[in-house]
Structure formats: C-alpha cells, structure tokens
>>> print(open('entry.txt').read())   # compact mmCIF, C-alpha atoms
# COMPACT_ATOMS: atom_id res chain seq x y z
CA GLY A 1 -18.25 -12.73 7.55
CA ALA A 2 -20.93 -11.74 10.03
CA LYS A 3 -23.91 -13.48 11.56
CA TYR A 4 -27.38 -11.94 11.69
CA ASP A 5 -30.37 -13.83 13.09
CA GLY A 6 -28.27 -16.98 13.04
CA VAL A 7 -27.42 -16.67 9.32
CA VAL A 8 -23.83 -15.98 8.25
CA GLN A 9 -23.40 -13.32 5.53
CA HIS A 10 -20.16 -12.78 3.62
CA CYS A 11 -21.06 -9.64 1.67
CA PHE A 12 -22.87 -6.86 3.47
CA GLN A 13 -22.74 -3.10 3.99
CA VAL A 14 -20.64 -1.87 6.90
CA GLY A 15 -21.97 1.31 8.50
CA GLU A 16 -24.95 3.47 7.68
CA GLU A 17 -23.49 5.02 4.52
CA LYS A 18 -23.05 3.17 1.24
CA GLU A 19 -19.68 4.86 0.71
CA VAL A 20 -17.22 6.41 3.14
CA HIS A 21 -14.19 8.63 2.65
CA GLY A 22 -10.68 8.08 3.96
CA VAL A 23 -9.26 5.79 6.61
CA LYS A 24 -11.27 7.50 9.35
CA GLY A 25 -14.50 6.81 7.47
CA ILE A 26 -13.56 3.14 7.12
CA LEU A 27 -12.70 2.78 10.81
CA ASP A 28 -15.86 4.56 11.94
CA ALA A 29 -18.00 2.31 9.74
CA TYR A 30 -16.22 -0.81 11.01
CA ARG A 31 -16.66 0.17 14.65
CA GLY A 32 -20.31 0.90 13.94
CA VAL A 33 -20.86 -2.79 13.16
CA PHE A 34 -20.51 -3.60 16.85
CA LYS A 35 -23.47 -1.33 17.62
CA THR A 36 -25.75 -3.44 15.44
CA PRO A 37 -27.10 -7.00 15.78
CA LEU A 38 -24.34 -8.20 13.42
CA THR A 39 -21.75 -10.53 15.02
CA MET A 40 -18.41 -11.23 13.35
CA SER A 41 -18.18 -14.86 12.36
CA LYS A 42 -16.15 -17.46 10.50
CA PRO A 43 -15.55 -18.97 7.95
CA THR A 44 -13.42 -16.74 5.73
CA VAL A 45 -15.12 -16.50 2.33
CA PHE A 46 -14.15 -14.18 -0.55
CA ALA A 47 -16.24 -15.81 -3.28
CA GLU A 48 -19.17 -13.43 -2.73
CA VAL A 49 -17.47 -10.06 -2.34
CA ILE A 50 -15.12 -10.53 -5.35
CA PRO A 51 -17.84 -10.78 -8.05
CA PHE A 52 -19.82 -8.04 -6.29
CA ALA A 53 -16.82 -5.67 -6.46
CA ALA A 54 -16.24 -6.62 -10.11
CA ALA A 55 -19.87 -5.83 -10.98
CA GLN A 56 -19.56 -2.45 -9.26
CA ALA A 57 -16.34 -1.70 -11.15
CA LYS A 58 -17.92 -2.61 -14.50
CA SER A 59 -20.97 -0.46 -13.75
CA ARG A 60 -18.78 2.53 -12.89
CA LEU A 61 -16.85 2.03 -16.13
CA GLN A 62 -20.03 2.61 -18.13
CA THR A 63 -20.29 6.19 -16.90
CA HIS A 64 -16.60 6.88 -16.32
CA PRO A 65 -14.62 5.15 -19.12
CA LEU A 66 -11.27 5.64 -17.36
CA SER A 67 -12.32 4.46 -13.92
CA TYR A 68 -10.46 1.61 -12.22
CA THR A 69 -11.19 -0.05 -8.88
CA ILE A 70 -8.93 -1.56 -6.23
CA LEU A 71 -10.46 -4.06 -3.81
CA LEU A 72 -8.53 -4.35 -0.53
CA LEU A 73 -9.34 -7.41 1.59
CA LEU A 74 -7.97 -7.53 5.15
CA THR A 75 -8.23 -10.97 6.71
CA ASP A 76 -7.07 -12.64 9.91
CA GLY A 77 -7.49 -16.13 8.46
CA ALA A 78 -6.87 -18.08 5.26
CA VAL A 79 -9.71 -18.44 2.79
CA THR A 80 -11.90 -21.45 3.54
CA ASP A 81 -13.14 -22.42 0.08
CA VAL A 82 -10.12 -22.29 -2.22
CA GLN A 83 -11.91 -23.69 -5.28
CA ALA A 84 -14.78 -21.19 -5.06
CA THR A 85 -12.24 -18.37 -4.71
CA LYS A 86 -10.38 -19.57 -7.81
CA GLN A 87 -13.62 -19.61 -9.79
CA ALA A 88 -14.52 -16.11 -8.58
CA LEU A 89 -11.10 -14.75 -9.60
CA ALA A 90 -11.25 -16.42 -13.02
CA SER A 91 -14.67 -14.87 -13.65
CA ILE A 92 -13.62 -11.25 -13.10
CA ALA A 93 -10.48 -11.04 -15.28
CA ASP A 94 -12.33 -8.71 -17.69
CA ALA A 95 -13.27 -6.22 -14.95
CA PRO A 96 -11.41 -2.94 -14.32
CA LEU A 97 -10.35 -4.31 -10.95
CA SER A 98 -7.25 -5.21 -8.95
CA ILE A 99 -7.45 -7.17 -5.70
CA VAL A 100 -4.99 -6.88 -2.82
CA ILE A 101 -5.41 -9.39 0.01
CA VAL A 102 -3.52 -8.67 3.23
CA GLY A 103 -3.21 -11.45 5.81
CA ILE A 104 -3.01 -10.01 9.33
CA GLY A 105 -2.01 -11.88 12.48
CA ASN A 106 -0.41 -15.21 13.23
CA ALA A 107 -2.81 -17.49 11.35
CA ASP A 108 -1.49 -20.12 8.95
CA PHE A 109 -1.74 -18.45 5.54
CA SER A 110 -0.11 -21.29 3.62
CA ALA A 111 -3.46 -22.01 1.97
CA MET A 112 -3.22 -18.61 0.30
CA GLN A 113 -0.14 -19.58 -1.71
CA PHE A 114 -2.36 -20.62 -4.61
CA LEU A 115 -2.64 -16.91 -5.39
CA ASP A 116 1.01 -16.76 -6.47
CA ASP A 117 1.10 -16.78 -10.29
CA PHE A 118 -2.57 -17.71 -10.25
CA GLU A 119 -3.29 -16.09 -13.60
CA ARG A 120 -0.57 -18.18 -15.32
CA ARG A 121 -1.65 -21.48 -13.83
CA SER A 122 -5.34 -20.83 -14.48
CA ASN A 123 -4.87 -19.51 -18.05
CA MET A 124 -6.28 -16.10 -17.13
CA ASN A 125 -5.46 -13.34 -19.61
CA ARG A 126 -4.30 -10.93 -16.90
CA ASP A 127 -3.09 -10.81 -13.31
CA VAL A 128 -5.64 -9.30 -10.91
CA VAL A 129 -4.68 -10.43 -7.41
CA GLN A 130 -1.81 -9.94 -4.96
CA PHE A 131 -1.47 -11.56 -1.51
CA VAL A 132 0.69 -9.90 1.16
CA GLN A 133 1.36 -11.23 4.64
CA PHE A 134 1.46 -8.27 7.01
CA ASN A 135 3.84 -9.88 9.53
CA ALA A 136 6.56 -10.05 6.89
CA HIS A 137 6.55 -6.23 6.67
CA GLU A 138 5.22 -5.08 10.05
CA PHE A 139 8.39 -3.21 11.01
CA ASP A 140 8.84 -1.43 7.69
CA LYS A 141 6.02 0.74 6.35
CA THR A 142 7.85 1.36 3.09
CA SER A 143 8.23 -2.37 2.43
CA LEU A 144 4.54 -2.98 3.19
CA THR A 145 3.47 -0.18 0.85
CA ARG A 146 5.70 -1.51 -1.92
CA ALA A 147 4.45 -5.09 -1.54
CA THR A 148 0.77 -4.12 -1.63
CA LEU A 149 0.95 -1.63 -4.51
CA GLU A 150 3.79 -2.78 -6.78
CA GLU A 151 1.67 -4.87 -9.18
CA ILE A 152 -1.26 -2.46 -9.54
CA PRO A 153 0.27 -0.08 -12.15
CA ASP A 154 1.02 -2.95 -14.54
CA GLN A 155 -2.45 -4.45 -13.99
CA LEU A 156 -4.13 -1.12 -14.72
CA VAL A 157 -2.05 -0.46 -17.84
CA GLN A 158 -2.65 -3.99 -19.14
CA PHE A 159 -6.41 -3.65 -18.71
CA PHE A 160 -6.70 -0.41 -20.67
CA HIS A 161 -4.04 -1.28 -23.25
CA THR A 162 -5.73 -4.55 -24.27
CA ARG A 163 -8.89 -2.53 -24.91
CA GLY A 164 -7.11 0.05 -27.00
CA ILE A 165 -7.64 2.80 -24.42
CA MET A 166 -4.61 5.05 -24.38
CA PRO A 167 -3.73 7.76 -21.83
CA GLN A 168 -5.85 10.86 -22.32
CA PRO A 169 -4.63 14.47 -22.41
CA GLY A 170 -4.41 15.96 -18.95
CA ASN A 171 -7.07 18.65 -18.90
CA ASN A 172 -7.33 19.03 -15.15
CA ILE A 173 -3.68 19.03 -14.20
CA SER A 174 -2.61 21.74 -11.80
CA THR A 175 0.98 22.65 -11.09
CA SER A 176 2.26 24.27 -7.92
CA GLN A 177 4.68 27.15 -8.21
CA ILE A 178 7.37 26.82 -5.54
CA PRO A 179 9.17 30.13 -5.00
CA VAL A 180 12.94 29.91 -4.70
CA GLU A 181 14.20 32.33 -2.09
CA ASP A 182 17.71 33.74 -1.77
CA TYR A 183 20.04 32.13 0.76
CA ASN A 184 19.71 33.61 4.24
CA GLU A 185 22.80 33.01 6.37
CA GLU A 186 20.87 33.48 9.64
CA ALA A 187 17.68 31.60 8.82
CA ASP A 188 18.91 28.78 6.59
CA ILE A 189 20.68 25.66 7.82
CA ASP A 190 24.16 24.72 6.66
CA LEU A 191 23.94 21.15 5.39
CA SER A 192 27.51 20.78 4.19
CA MET A 193 29.24 17.66 5.52
CA ASP A 194 32.70 16.78 6.70
CA TYR A 195 34.45 13.38 6.57
CA ARG A 196 35.98 12.66 9.95
CA ALA A 197 39.21 10.74 10.48
CA ASP A 198 37.32 7.77 11.94
CA GLY A 199 35.25 7.43 8.78
CA GLU A 200 32.10 9.07 10.19
CA ILE A 201 30.28 11.84 8.31
CA ALA A 202 29.32 14.93 10.32
CA LEU A 203 27.54 18.16 9.54
CA ASN A 204 29.87 21.15 9.55
CA ALA A 205 27.35 23.46 11.19
CA ASP A 206 26.40 23.22 14.86
CA GLN A 207 22.94 21.73 14.54
CA PRO A 208 21.51 18.23 15.00
CA ALA A 209 21.03 15.87 12.11
CA ALA A 210 18.00 13.66 11.59
CA PHE A 211 17.18 10.36 9.98
CA VAL A 212 13.90 8.68 9.05
CA ASP A 213 12.94 5.51 10.90
CA ASN A 214 10.54 3.43 8.79
CA SER A 215 9.63 0.99 11.54
CA TYR A 216 6.11 0.99 12.96
CA GLU A 217 7.54 1.47 16.45
CA ALA A 218 8.68 4.92 15.34
CA GLY A 219 5.09 6.09 15.18
CA LEU A 220 3.69 8.43 12.57
CA GLY A 221 6.52 10.94 12.60
CA GLY A 222 9.40 8.53 12.12
CA VAL A 223 12.01 11.27 12.55
CA LYS A 224 14.78 10.80 15.09
CA ILE A 225 17.24 13.52 16.03
CA MET A 226 20.96 12.88 16.43
CA ALA A 227 23.08 15.19 18.55
CA PRO A 228 26.01 16.98 16.82
CA PRO A 229 29.56 15.68 17.39
CA SER A 230 30.94 16.76 20.76
CA THR A 231 34.37 17.65 19.40
CA ALA A 232 35.29 19.36 16.20
CA SER A 233 37.64 17.68 13.79
CA GLN A 234 39.57 18.73 10.76
CA GLY A 235 38.06 15.70 9.17
CA TYR A 236 39.06 13.47 6.32
CA ASN A 237 37.82 13.75 2.76
CA PRO A 238 38.39 10.61 0.66
CA TYR A 239 38.02 12.59 -2.53
CA THR A 240 41.12 14.70 -1.92
CA SER A 241 44.50 13.46 -3.14
CA ALA A 242 46.31 11.09 -0.78
CA PRO A 243 49.30 12.51 1.14
CA ALA A 244 52.70 11.67 -0.18
CA MET A 245 54.36 8.67 1.48
CA ALA A 246 57.96 8.86 2.64
>>> encode(input="entry.txt", output="structure tokens")
Amino acid sequence: GAKYDGVVQHCFQVGEEKEVHGVKGILDAYRGVFKTPLTMSKPTVFAEVIPFAAAQAKSRLQTHPLSYTILLLLTDGAVTDVQATKQALASIADAPLSIVIVGIGNADFSAMQFLDDFERRSNMNRDVVQFVQFNAHEFDKTSLTRATLEEIPDQLVQFFHTRGIMPQPGNNISTSQIPVEDYNEEADIDLSMDYRADGEIALNADQPAAFVDNSYEAGLGGVKIMAPPSTASQGYNPYTSAPAMA
C-alpha cells in the first residue's frame, strides 16, 4: 500500500497514465511514485485490488468477448488479512481473470500457503490463483517462468469452456516464410559431433561450442562459449559395432 496525507491506500493508480505498455512502462510508472507525495507503507492487503481487477476484466469482456486478464501481484511480505483475501478470491471466480502472486525477498511467506488448493477447500468452481516464491527460482529463469505461468492455460480454457465459448477461427493469423538456403561450405558452420575416447562429445569442426546458462547471474544473454578441444582425436562412437575380443 501507500500513504497519502496520513491515510493508507491499497488500490491506487501508479504513474500519470491509466495504462502503460511493457516492462519499461511499468518500471517508469513505479519510479514515478517516489516523485509524488505518496509513501510506500504496510500492511500488505490484496482484498481491494483483487475485486477491482475482476470488475475491470468483466467490463472488458462486455466489449471483447474473448478477452482474459492476468493480475500479477509482486509482494515483499505475506498478506495481512487472510480471511478478507479468501473472501475476495471467492467472489471473483466468475471473472475472466487469473491471479499470480510472487513473493519477493526473505520475508516469511508461510501465511500464503492457504492459496495452495484454495479453490478445492473453499468449494470454488475454478482455480484462479497461483503463489510463487521468487527465492525458490531466483537462479533459474526458466523455472520461474514455468512456475508463474503453468496454471494459466488451464484456467483460461476452463473459464471459456464452462460458458460454452469455443476457440474461434483465426482470422488475423500471419505466418512467416523462412527461406531455406543451400549449404555454403565457407559460410556455414559444421555442427557434426564426434565421440571421444574419454566419453566427451566434441564438435568435428574447429570452432567453439556454446551452451545456454539459465541462471540470473548469466545476465540477459545467457550464452557461454567453450573453447574447442586442444588435441584432435579419432574419437569413439558408441553406436558402431564393438571390436572383436580375442
């Protein structure tokens, strides 16, 4: 939340624009808060922003029948009022909305465990919320992406299927034509591999290999270059027939 004139608000516009585009737009709007009289403040309350997002999603559905909204909540602390949060979640099960809550930092998020299987224990007709603790995936971007997004496709399909809304014909689908060029011995890279006697796999050609590092320490590129083997080897191929034994 944020405090303005001594009053704590838990649902307010961030930045000058009602909507922003992309991660840069989000960050610029967030940084802009610190240029205003607003002051970040506890407690952590979701019970106001959840129904607001659900109302926005329902309103958008009226004009765009296939629209679906994802609410991403980033928090550095566990929710304060668990019961109010449960009531807010139970009230928005009929909205075209999925909620992903990401806990960031070293706070005790044990209070957020009530979100696990919440829809089953609260007799909701569909699952709408997923909680992910960032620290459990901070060194693996792929794992973090999977954890935050893996339930959304099923939630979206369930929402539209229960309302009898089936996938529509793709009228605005564009396909890219990728030209296939002939092999150029000078320009193209030989990616054939050789099995060395020590069990290692090496590229036959004299160029470095690369592997993708998914850790956050690898930065945005994530590509590390390995030098080619220093000595050539006839190699060993396990798929060839074994030599005859005396």
>>> residues_around(input="entry.txt", residues="range 42-46 of chain A", least_positions_apart="4", cutoff="7 Å", atoms="all atoms listed in the file", output="number ranges by chain")
A: 1, 10, 50, 77-81, 85
>>> closest_residue(input="entry.txt", among="A:Met124, A:Leu156, A:Ala197, A:Ala29", to="Ala93 in chain A", atoms="only C-alpha atoms")
A:Met124
>>> closest_residue(input="entry.txt", among="A:Thr148, A:Asn135, A:Ser91, A:Asn125", to="Phe109 in chain A", atoms="all atoms listed in the file")
A:Asn135
>>> closest_residue(input="entry.txt", among="A:Glu16, A:Asp108, A:Asp182, A:Asp94", to="Ala55 in chain A", atoms="all atoms listed in the file")
A:Asp94
>>> axis_aligned_box(input="entry.txt", around="range 74-90 of chain A", padding_each_side="3 Å", output="AutoDock Vina command-line options")
--center_x -10.8 --center_y -15.6 --center_z -1.6 --size_x 13.9 --size_y 22.2 --size_z 28.9
>>> residues_around(input="entry.txt", residues="Tyr68 in chain A", least_positions_apart="3", cutoff="7 Å", atoms="all atoms listed in the file", output="list in words")
Ala57, Pro96 and Leu97 of chain A
>>> closest_residue(input="entry.txt", among="A:Leu61, A:Leu149, A:Ala90, A:Ile101", to="Arg120 in chain A", atoms="all atoms listed in the file")
A:Ala90
>>> closest_residue(input="entry.txt", among="A:Glu17, A:Asp76, A:Glu150, A:Glu119", to="Phe134 in chain A", atoms="all atoms listed in the file")
A:Asp76
>>> residues_near_point(input="entry.txt", point="(-7.4, -4.3, 4.7)", cutoff="10 Å", atoms="only C-alpha atoms", output="VMD selection string")
chain A and resid 26 71 to 76 100 to 104 134
>>> atom_distance(input="entry.txt", atom1="CA of Ala95 in chain A", atom2="CA of His161 in chain A")
13.4 Å
>>> closest_residue(input="entry.txt", among="A:Gln158, A:Ala107, A:Asp140, A:Pro153", to="Arg126 in chain A", atoms="all atoms listed in the file")
A:Gln158
>>> atom_distance(input="entry.txt", atom1="CA of Arg146 in chain A", atom2="CA of Gln130 in chain A")
11.7 Å
>>> build_atoms(input="entry.txt", residues="range 107-119 of chain A", atoms="N, CA, C and O atoms", output="JSON list (two decimals), in the coordinates of the input")
[["chain", "number", "residue", "atom", "x", "y", "z"],
["A", 107, "ALA", "N", -2.14, -16.32, 11.93],
["A", 107, "ALA", "CA", -2.81, -17.49, 11.35],
["A", 107, "ALA", "C", -1.91, -18.15, 10.31],
["A", 107, "ALA", "O", -0.95, -17.56, 9.81],
["A", 108, "ASP", "N", -2.23, -19.39, 9.97],
["A", 108, "ASP", "CA", -1.49, -20.12, 8.95],
["A", 108, "ASP", "C", -2.05, -19.72, 7.58],
["A", 108, "ASP", "O", -3.17, -20.08, 7.23],
["A", 109, "PHE", "N", -1.29, -18.93, 6.84],
["A", 109, "PHE", "CA", -1.74, -18.45, 5.54],
["A", 109, "PHE", "C", -1.18, -19.28, 4.38],
["A", 109, "PHE", "O", -1.20, -18.84, 3.23],
["A", 110, "SER", "N", -0.69, -20.46, 4.68],
["A", 110, "SER", "CA", -0.11, -21.29, 3.62],
["A", 110, "SER", "C", -1.14, -21.64, 2.55],
["A", 110, "SER", "O", -0.80, -21.84, 1.38],
["A", 111, "ALA", "N", -2.42, -21.69, 2.94],
["A", 111, "ALA", "CA", -3.46, -22.01, 1.97],
["A", 111, "ALA", "C", -3.65, -20.90, 0.95],
["A", 111, "ALA", "O", -4.29, -21.11, -0.09],
["A", 112, "MET", "N", -3.07, -19.72, 1.22],
["A", 112, "MET", "CA", -3.22, -18.61, 0.30],
["A", 112, "MET", "C", -2.16, -18.61, -0.79],
["A", 112, "MET", "O", -2.19, -17.77, -1.70],
["A", 113, "GLN", "N", -1.23, -19.56, -0.74],
["A", 113, "GLN", "CA", -0.14, -19.58, -1.71],
["A", 113, "GLN", "C", -0.63, -19.87, -3.12],
["A", 113, "GLN", "O", 0.09, -19.62, -4.09],
["A", 114, "PHE", "N", -1.85, -20.36, -3.26],
["A", 114, "PHE", "CA", -2.36, -20.62, -4.61],
["A", 114, "PHE", "C", -2.53, -19.32, -5.40],
["A", 114, "PHE", "O", -2.66, -19.34, -6.63],
["A", 115, "LEU", "N", -2.50, -18.19, -4.70],
["A", 115, "LEU", "CA", -2.64, -16.91, -5.39],
["A", 115, "LEU", "C", -1.38, -16.50, -6.15],
["A", 115, "LEU", "O", -1.45, -15.66, -7.04],
["A", 116, "ASP", "N", -0.24, -17.07, -5.77],
["A", 116, "ASP", "CA", 1.01, -16.76, -6.47],
["A", 116, "ASP", "C", 0.96, -17.30, -7.90],
["A", 116, "ASP", "O", 0.73, -18.49, -8.12],
["A", 117, "ASP", "N", 1.15, -16.42, -8.88],
["A", 117, "ASP", "CA", 1.10, -16.78, -10.29],
["A", 117, "ASP", "C", -0.21, -17.46, -10.66],
["A", 117, "ASP", "O", -0.25, -18.33, -11.55],
["A", 118, "PHE", "N", -1.29, -17.07, -10.00],
["A", 118, "PHE", "CA", -2.57, -17.71, -10.25],
["A", 118, "PHE", "C", -3.02, -17.55, -11.69],
["A", 118, "PHE", "O", -3.55, -18.48, -12.31],
["A", 119, "GLU", "N", -2.80, -16.34, -12.25],
["A", 119, "GLU", "CA", -3.29, -16.09, -13.60],
["A", 119, "GLU", "C", -2.59, -17.00, -14.61],
["A", 119, "GLU", "O", -3.19, -17.43, -15.60]]
